[in-house]
Every structure is written in structure tokens, then in C-alpha cells.
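The structure appears below as C-alpha cells.
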Amino acid sequence: MVIRKKIYSKSLGDACVTTFMFAIIPVIYYFELWIVLPRFHEPWGVTYIFHFLMGNFILLNVSSNLVAIILTDTSISGKILPSDVAKNWRFCSVCETLAPPRSWHCPSCNACILKRDHHCMFTSCCIGHNNHRFFLVFVFYIFIATLYSTVFNIQFIYHYVKFDSWISVVKIVFPLATLFLEWTENQLYLSFILIVMLGCFFTAALLVYQLRLILNGLVTYERNEKLSMYDRGKLDNLKVVLGKRWMLVWISPFMESELPCDGVIWETSNSMKAK
């Protein structure tokens, strides 16, 4: 893995969203495992330890994959490129170099990104060939974490929040807005629960969207332009992103999984069928 040198946010929007991501993960972790979980299971009992270990396993994968996304350099910088224009290659006037197929310039990162999918504000970097694996697994574990937490949080609301007036209903429906008017512990907890639920819906939609792209051998630009030249079949498409040990990468980002492509040379679907 080539380490990205300039990992700082290039815009105020990126900085704010990335800072929020790094702040909210430990806050929600503390809320769910140290406040919500003890309400339903006796601390350090068998079921408590099971859920506690699961929570820490999920946190480890969320945080380590997040760091891997940010640190992995997926630009064309340092790549040995041909001196003449090949098929589907383009000249990038900003980088003043040839850009391989499926590589596009990102104005935020100010670099051409190998197999660029999109620029992610949550990580302040582009998702491309070398870090797409970490991004997919990161989204997967965020979804698992928020879904897992929502199951407990619904019970938490039912048992510990009173529905004795219309005001209490408003507090539940609009917890963040009410928090500015009534800064209480319960209202703060409701705000955390809302953030977790929104995160669950958002990551579920993002996970489905990403899996559909990956399984069809596409990136966002190719989908939008209705280009489909690199479809290898669903399993091989998945390996292009997750690597040859695609079944094991879900365990940890430290699991080695060699990618079948270098991100520079791409065979089209027609050339693969001709073999």
C-alpha cells in the first residue's frame, strides 16, 4: 500500500464533515456500549460480554478501514505510464500527464485518481482503485453498527422515554431541534439515537448502490454516462475491488488481498470475450 502524503482536507466542507465523522464514532460507541447496553444486560454477564465484544469488533473494523481509506494513495502519482497515447487514454491538462482508462481528475484532491468512483467528504479523499475495498467494508460495518444499535435504541426509547404529552412526542420526532431549547441528558440521548437511525438508512442505501456498481463492473462516472466496457462477470468484478481473497477482507483491513488489476491497464469486455 502506497501511503498518501497530503491527507489533510482541501476544503472547509470536507474538513467539517470529516471532523464530524471522527468525533461521532467514539461518541456513539460510548453511548451504545456504556449507557444503552447496561440498561438491558447485567454488566459483565455472558450476554453483556457477547454484545460488548461484538461492538468492539465492529468499532475496530469501522475505525481501521476509515484510516485505511484516508492513508491509501490511489492517484496516478508515481505510476509508470506510457509515453504515447493508447486506446481510451486521455491527456489531463491539469496534471499535464496521460491519464489511464477509468481515471479522472478530482478538483478537490487536485490529482488524477485510478478508477475514480467519487470524492468522499466523510474521508476528505477520493475513492478509487486502491482504497475502494476499504470504503466498501467501512460502509458495510457502519451499516451493521447502526442497525445493531437501532435494535437496542428502539427498546431504550420504549422503556425509558415517557409519552405523556404531545411535547414528549415532539421531542422524539425532532430531538436535534429540541436539544437547542432543552439541553437535558434524555434529549441528548434522543439526538444520538436519531443520528444512528439516519446513519442506518443512509449507509443501507449507499451499500446497495455501491454493490450494484461493483457487481456490474462500473464506477459512478461510467454509470452516469452509460458506459459498460469492463464487465468481467459478477464474481470477477467483485475481486477487482476486494482482491483475490475477497471472502476474508471483511475480517480486517490488515488482511492481504492482492488486486487482479494494477489500475492502469484495463481489458475491455470485448477483448476478454475474444480470448
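Please note that chains go A, B, ... in the order of the C-alpha cells, that every chain numbers its residues from 1, and that ligands are numbered from 1 in the order shown.
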Task: All alpha helix (DSSP H) residues (DSSP, backbone) inside range 57-273 of chain A, as a PyMOL selection string - done: chain A and resi 57-71+132-160+166-173+175-179+185-215+220-224+234-242+269-273
Open item on the list: What does the structure give for the distance between CA of Asn131 in chain A and CA of Met197 in chain A, in Å to one decimal?
Closed with: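 Rounded to one decimal, the two atoms are 26.5 Å apart.
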- [ ] Identify all residues of range 20-235 of chain A in strand (DSSP E) (DSSP on the backbone) and supply them as number ranges by chain.
- [x] A: 90-92, 97-99, 104-106, 111-113, 118-120, 125-127
Would you mind exporting the chosen residues as a PDB file, in the first residue's frame, restricted to C-alpha atoms?
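Here's the written file out.pdb:
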```pdb
ATOM      1  CA  ARG A  90      -6.653  10.893 -22.137  1.00  0.00           C
ATOM      2  CA  PHE A  91      -4.351  13.815 -21.560  1.00  0.00           C
ATOM      3  CA  CYS A  92      -5.043  15.673 -18.301  1.00  0.00           C
ATOM      4  CA  THR A  97       0.182  13.839 -17.986  1.00  0.00           C
ATOM      5  CA  LEU A  98      -1.610  10.966 -19.663  1.00  0.00           C
ATOM      6  CA  ALA A  99      -4.478   9.534 -17.629  1.00  0.00           C
ATOM      7  CA  TRP A 104     -10.436  11.058 -13.861  1.00  0.00           C
ATOM      8  CA  HIS A 105      -9.135  14.257 -12.363  1.00  0.00           C
ATOM      9  CA  CYS A 106     -10.532  15.289  -8.991  1.00  0.00           C
ATOM     10  CA  ALA A 111      -4.912  14.707  -8.858  1.00  0.00           C
ATOM     11  CA  CYS A 112      -5.978  12.085 -11.374  1.00  0.00           C
ATOM     12  CA  ILE A 113      -7.398   9.104  -9.492  1.00  0.00           C
ATOM     13  CA  HIS A 118     -16.262   9.513  -6.313  1.00  0.00           C
ATOM     14  CA  HIS A 119     -14.880  12.075  -3.888  1.00  0.00           C
ATOM     15  CA  CYS A 120     -15.973  11.261  -0.329  1.00  0.00           C
ATOM     16  CA  CYS A 125     -10.342  11.975  -0.281  1.00  0.00           C
ATOM     17  CA  CYS A 126     -11.316  10.150  -3.445  1.00  0.00           C
ATOM     18  CA  ILE A 127     -12.474   6.565  -3.561  1.00  0.00           C
TER      19      ILE A 127
END
```
Open item on the list: With distances taken over only C-alpha atoms, which residue among A:Ile70, A:Val36, A:Leu59, A:Ile80 lies nearest Phe143 in chain A?
Closed with: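 Among A:Ile70, A:Val36, A:Leu59, A:Ile80, it is A:Leu59 that comes nearest to Phe143 in chain A.
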Which residues come within 8 Å of Arg4 in chain A, counting only C-alpha atoms, excluding same-chain residues fewer than 3 positions away, as a PDB file with all heavy atoms, in the first residue's frame?
```pdb
ATOM      1  N   ILE A   7      -2.826  14.236   3.509  1.00  0.00           N
ATOM      2  CA  ILE A   7      -4.099  13.669   3.965  1.00  0.00           C
ATOM      3  C   ILE A   7      -5.041  14.716   4.549  1.00  0.00           C
ATOM      4  O   ILE A   7      -6.154  14.397   4.938  1.00  0.00           O
ATOM      5  CB  ILE A   7      -3.865  12.563   5.016  1.00  0.00           C
ATOM      6  CG1 ILE A   7      -3.186  13.143   6.263  1.00  0.00           C
ATOM      7  CG2 ILE A   7      -3.045  11.429   4.445  1.00  0.00           C
ATOM      8  CD1 ILE A   7      -3.087  12.160   7.408  1.00  0.00           C
ATOM      9  N   ILE A  70      -8.240   6.784   4.090  1.00  0.00           N
ATOM     10  CA  ILE A  70      -7.585   8.090   4.067  1.00  0.00           C
ATOM     11  C   ILE A  70      -6.103   7.977   3.727  1.00  0.00           C
ATOM     12  O   ILE A  70      -5.558   8.797   2.977  1.00  0.00           O
ATOM     13  CB  ILE A  70      -7.775   8.796   5.418  1.00  0.00           C
ATOM     14  CG1 ILE A  70      -9.268   9.076   5.653  1.00  0.00           C
ATOM     15  CG2 ILE A  70      -6.982  10.090   5.494  1.00  0.00           C
ATOM     16  CD1 ILE A  70      -9.592   9.591   7.032  1.00  0.00           C
ATOM     17  N   LEU A  71      -5.436   6.953   4.249  1.00  0.00           N
ATOM     18  CA  LEU A  71      -3.990   6.833   4.074  1.00  0.00           C
ATOM     19  C   LEU A  71      -3.579   6.245   2.723  1.00  0.00           C
ATOM     20  O   LEU A  71      -2.458   6.459   2.264  1.00  0.00           O
ATOM     21  CB  LEU A  71      -3.397   5.973   5.187  1.00  0.00           C
ATOM     22  CG  LEU A  71      -3.411   6.550   6.602  1.00  0.00           C
ATOM     23  CD1 LEU A  71      -2.744   5.597   7.569  1.00  0.00           C
ATOM     24  CD2 LEU A  71      -2.725   7.916   6.648  1.00  0.00           C
ATOM     25  N   THR A  72      -4.464   5.517   2.082  1.00  0.00           N
ATOM     26  CA  THR A  72      -4.108   4.846   0.823  1.00  0.00           C
ATOM     27  C   THR A  72      -4.095   5.824  -0.342  1.00  0.00           C
ATOM     28  O   THR A  72      -5.084   6.492  -0.620  1.00  0.00           O
ATOM     29  CB  THR A  72      -5.097   3.699   0.520  1.00  0.00           C
ATOM     30  OG1 THR A  72      -5.116   2.788   1.617  1.00  0.00           O
ATOM     31  CG2 THR A  72      -4.677   2.956  -0.742  1.00  0.00           C
ATOM     32  N   ASP A  73      -2.969   5.886  -1.024  1.00  0.00           N
ATOM     33  CA  ASP A  73      -2.834   6.737  -2.201  1.00  0.00           C
ATOM     34  C   ASP A  73      -3.368   5.998  -3.417  1.00  0.00           C
ATOM     35  O   ASP A  73      -2.843   4.944  -3.790  1.00  0.00           O
ATOM     36  CB  ASP A  73      -1.367   7.117  -2.422  1.00  0.00           C
ATOM     37  CG  ASP A  73      -1.188   8.139  -3.542  1.00  0.00           C
ATOM     38  OD1 ASP A  73      -2.199   8.511  -4.181  1.00  0.00           O
ATOM     39  OD2 ASP A  73      -0.052   8.571  -3.782  1.00  0.00           O
ATOM     40  N   THR A  74      -4.400   6.525  -4.024  1.00  0.00           N
ATOM     41  CA  THR A  74      -4.996   5.879  -5.195  1.00  0.00           C
ATOM     42  C   THR A  74      -4.889   6.754  -6.428  1.00  0.00           C
ATOM     43  O   THR A  74      -5.612   6.554  -7.406  1.00  0.00           O
ATOM     44  CB  THR A  74      -6.462   5.499  -4.903  1.00  0.00           C
ATOM     45  OG1 THR A  74      -6.950   4.649  -5.939  1.00  0.00           O
ATOM     46  CG2 THR A  74      -7.331   6.742  -4.794  1.00  0.00           C
TER      47      THR A  74
END
```
- [ ] For Ser228 in chain A, work out the shell of residues within 10 Å, counting only C-alpha atoms and skipping chain neighbours fewer than 5 positions away, then give it as a list of chain:residue names.
- [x] A:Asn216, A:Gly217, A:Leu218, A:Val219, A:Glu222, A:Arg223, A:Thr268, A:Ser269
Can I get the selected residues back with N, CA, C and O atoms, as a compact mmCIF listing (two decimals), in the first residue's frame?
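What landed in again.txt:
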```txt
# COMPACT_ATOMS: atom_id res chain seq x y z
N ASN A 216 -21.59 -4.94 -11.34
CA ASN A 216 -21.77 -4.71 -12.78
C ASN A 216 -20.51 -4.14 -13.43
O ASN A 216 -20.53 -3.76 -14.60
N GLY A 217 -19.41 -4.08 -12.65
CA GLY A 217 -18.14 -3.62 -13.21
C GLY A 217 -18.13 -2.16 -13.58
O GLY A 217 -17.51 -1.77 -14.58
N LEU A 218 -18.77 -1.32 -12.77
CA LEU A 218 -18.90 0.10 -13.07
C LEU A 218 -18.36 0.96 -11.94
O LEU A 218 -18.24 0.51 -10.80
N VAL A 219 -18.04 2.20 -12.28
CA VAL A 219 -17.84 3.26 -11.30
C VAL A 219 -18.90 4.32 -11.58
O VAL A 219 -19.61 4.24 -12.58
N GLU A 222 -19.03 5.99 -15.07
CA GLU A 222 -19.45 5.08 -16.14
C GLU A 222 -20.94 4.80 -16.08
O GLU A 222 -21.60 4.67 -17.12
N ARG A 223 -21.47 4.73 -14.87
CA ARG A 223 -22.92 4.53 -14.73
C ARG A 223 -23.68 5.73 -15.27
O ARG A 223 -24.66 5.59 -16.00
N THR A 268 -11.02 -4.45 -21.95
CA THR A 268 -12.44 -4.21 -22.15
C THR A 268 -13.17 -5.54 -22.22
O THR A 268 -12.56 -6.61 -22.40
N SER A 269 -14.48 -5.49 -22.08
CA SER A 269 -15.30 -6.71 -22.12
C SER A 269 -15.13 -7.44 -23.44
O SER A 269 -15.07 -8.67 -23.50
```
Task: Distance criterion (only C-alpha atoms): nearest to Tyr189 in chain A out of A:Leu136, A:Ala15, A:Met121, A:Ile35 - done: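 That would be A:Ile35, the residue with the smallest distance to Tyr189 in chain A.
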- [ ] For Asp14 in chain A, work out the shell of residues within 10 Å, counting only C-alpha atoms and skipping chain neighbours fewer than 2 positions away, then give it as a PyMOL selection string.
- [x] chain A and resi 8-12+16-20+108+119-125
Keeping N, CA and C atoms, export the residues of the selection given above as a CSV table (one decimal), in the first residue's frame.
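Produced file again_24.csv, reproduced below:
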```csv
chain,number,residue,atom,x,y,z
A,8,TYR,N,-4.6,16.0,4.6
A,8,TYR,CA,-5.4,17.0,5.2
A,8,TYR,C,-6.6,17.4,4.2
A,9,SER,N,-7.7,17.9,4.8
A,9,SER,CA,-8.8,18.3,4.0
A,9,SER,C,-8.5,19.5,3.1
A,10,LYS,N,-9.0,19.4,1.9
A,10,LYS,CA,-8.7,20.5,0.9
A,10,LYS,C,-9.7,21.6,0.9
A,11,SER,N,-10.9,21.4,1.5
A,11,SER,CA,-11.9,22.4,1.6
A,11,SER,C,-12.6,22.4,2.9
A,12,LEU,N,-13.3,23.5,3.2
A,12,LEU,CA,-14.0,23.7,4.5
A,12,LEU,C,-15.0,22.6,4.7
A,16,CYS,N,-15.2,19.9,7.7
A,16,CYS,CA,-16.3,19.8,8.7
A,16,CYS,C,-16.9,18.4,8.8
A,17,VAL,N,-17.1,17.8,7.6
A,17,VAL,CA,-17.8,16.5,7.5
A,17,VAL,C,-16.8,15.4,8.1
A,18,THR,N,-15.6,15.5,7.7
A,18,THR,CA,-14.6,14.5,8.2
A,18,THR,C,-14.4,14.6,9.7
A,19,THR,N,-14.3,15.9,10.2
A,19,THR,CA,-14.2,16.1,11.7
A,19,THR,C,-15.4,15.5,12.4
A,20,PHE,N,-16.6,15.7,11.8
A,20,PHE,CA,-17.8,15.2,12.4
A,20,PHE,C,-17.7,13.7,12.5
A,108,SER,N,-10.9,18.5,-6.1
A,108,SER,CA,-10.7,18.6,-4.7
A,108,SER,C,-9.4,18.0,-4.2
A,119,HIS,N,-15.6,11.4,-5.0
A,119,HIS,CA,-14.9,12.1,-3.9
A,119,HIS,C,-15.8,12.0,-2.7
A,120,CYS,N,-15.2,11.5,-1.6
A,120,CYS,CA,-16.0,11.3,-0.3
A,120,CYS,C,-15.7,12.4,0.7
A,121,MET,N,-16.7,13.1,1.1
A,121,MET,CA,-16.5,14.2,2.0
A,121,MET,C,-16.2,13.6,3.4
A,122,PHE,N,-16.7,12.4,3.7
A,122,PHE,CA,-16.5,11.9,5.0
A,122,PHE,C,-15.1,11.5,5.3
A,123,THR,N,-14.3,11.3,4.2
A,123,THR,CA,-12.9,10.9,4.4
A,123,THR,C,-12.0,12.0,3.8
A,124,SER,N,-12.5,13.0,3.2
A,124,SER,CA,-11.7,14.1,2.5
A,124,SER,C,-10.8,13.6,1.5
A,125,CYS,N,-11.2,12.5,0.8
A,125,CYS,CA,-10.3,12.0,-0.3
A,125,CYS,C,-11.2,11.2,-1.3
```
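Pairwise distance (CA of Gly243 in chain A, CA of Phe135 in chain A) equals 13.5 Å.
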Open item on the list: Using only C-alpha atoms for the distances, tell me which of A:Cys109, A:Cys261, A:Ser63, A:Met54 is nearest to Ala23 in chain A.
Closed with: A:Ser63
- [ ] Enter the distance from CA of Arg212 in chain A to CA of His129 in chain A, in Å, rounded to one decimal.
- [x]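 CA of His129 in chain A lies at a distance of 16.6 Å from CA of Arg212 in chain A.
Proximity of A:Leu114, A:Leu242, A:Met229, A:Leu60 to Val264 in chain A, computed with only C-alpha atoms, is greatest for A:Leu114.
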Task: Among listed residues A:Pro100, A:Ala145, A:Ile28, A:Ile69, nearest Phe201 in chain A (using only C-alpha atoms) - done: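 Of A:Pro100, A:Ala145, A:Ile28, A:Ile69, the one nearest Phe201 in chain A is A:Ala145, counting only C-alpha atoms.
Nearest residue to Pro101 in chain A, choosing from A:Tyr148, A:Tyr30, A:Phe52, A:Tyr230 and counting only C-alpha atoms: A:Tyr230.
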TODO: Within 12 Å of Thr203 in chain A, counting only C-alpha atoms, which residues show up once you throw out same-chain ones fewer than 2 positions away? Write them as a list in words, please.
DONE: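 Everything that qualifies: Phe135, Leu136, Val137, Phe138, Val139, Phe140, Tyr141, Ile142, Phe143, Ile144, Ala145, Thr146, Leu147, Ile195, Val196, Met197, Leu198, Gly199, Cys200, Phe201, Ala205, Leu206, Leu207, Val208, Tyr209, Gln210 and Leu211 of chain A.
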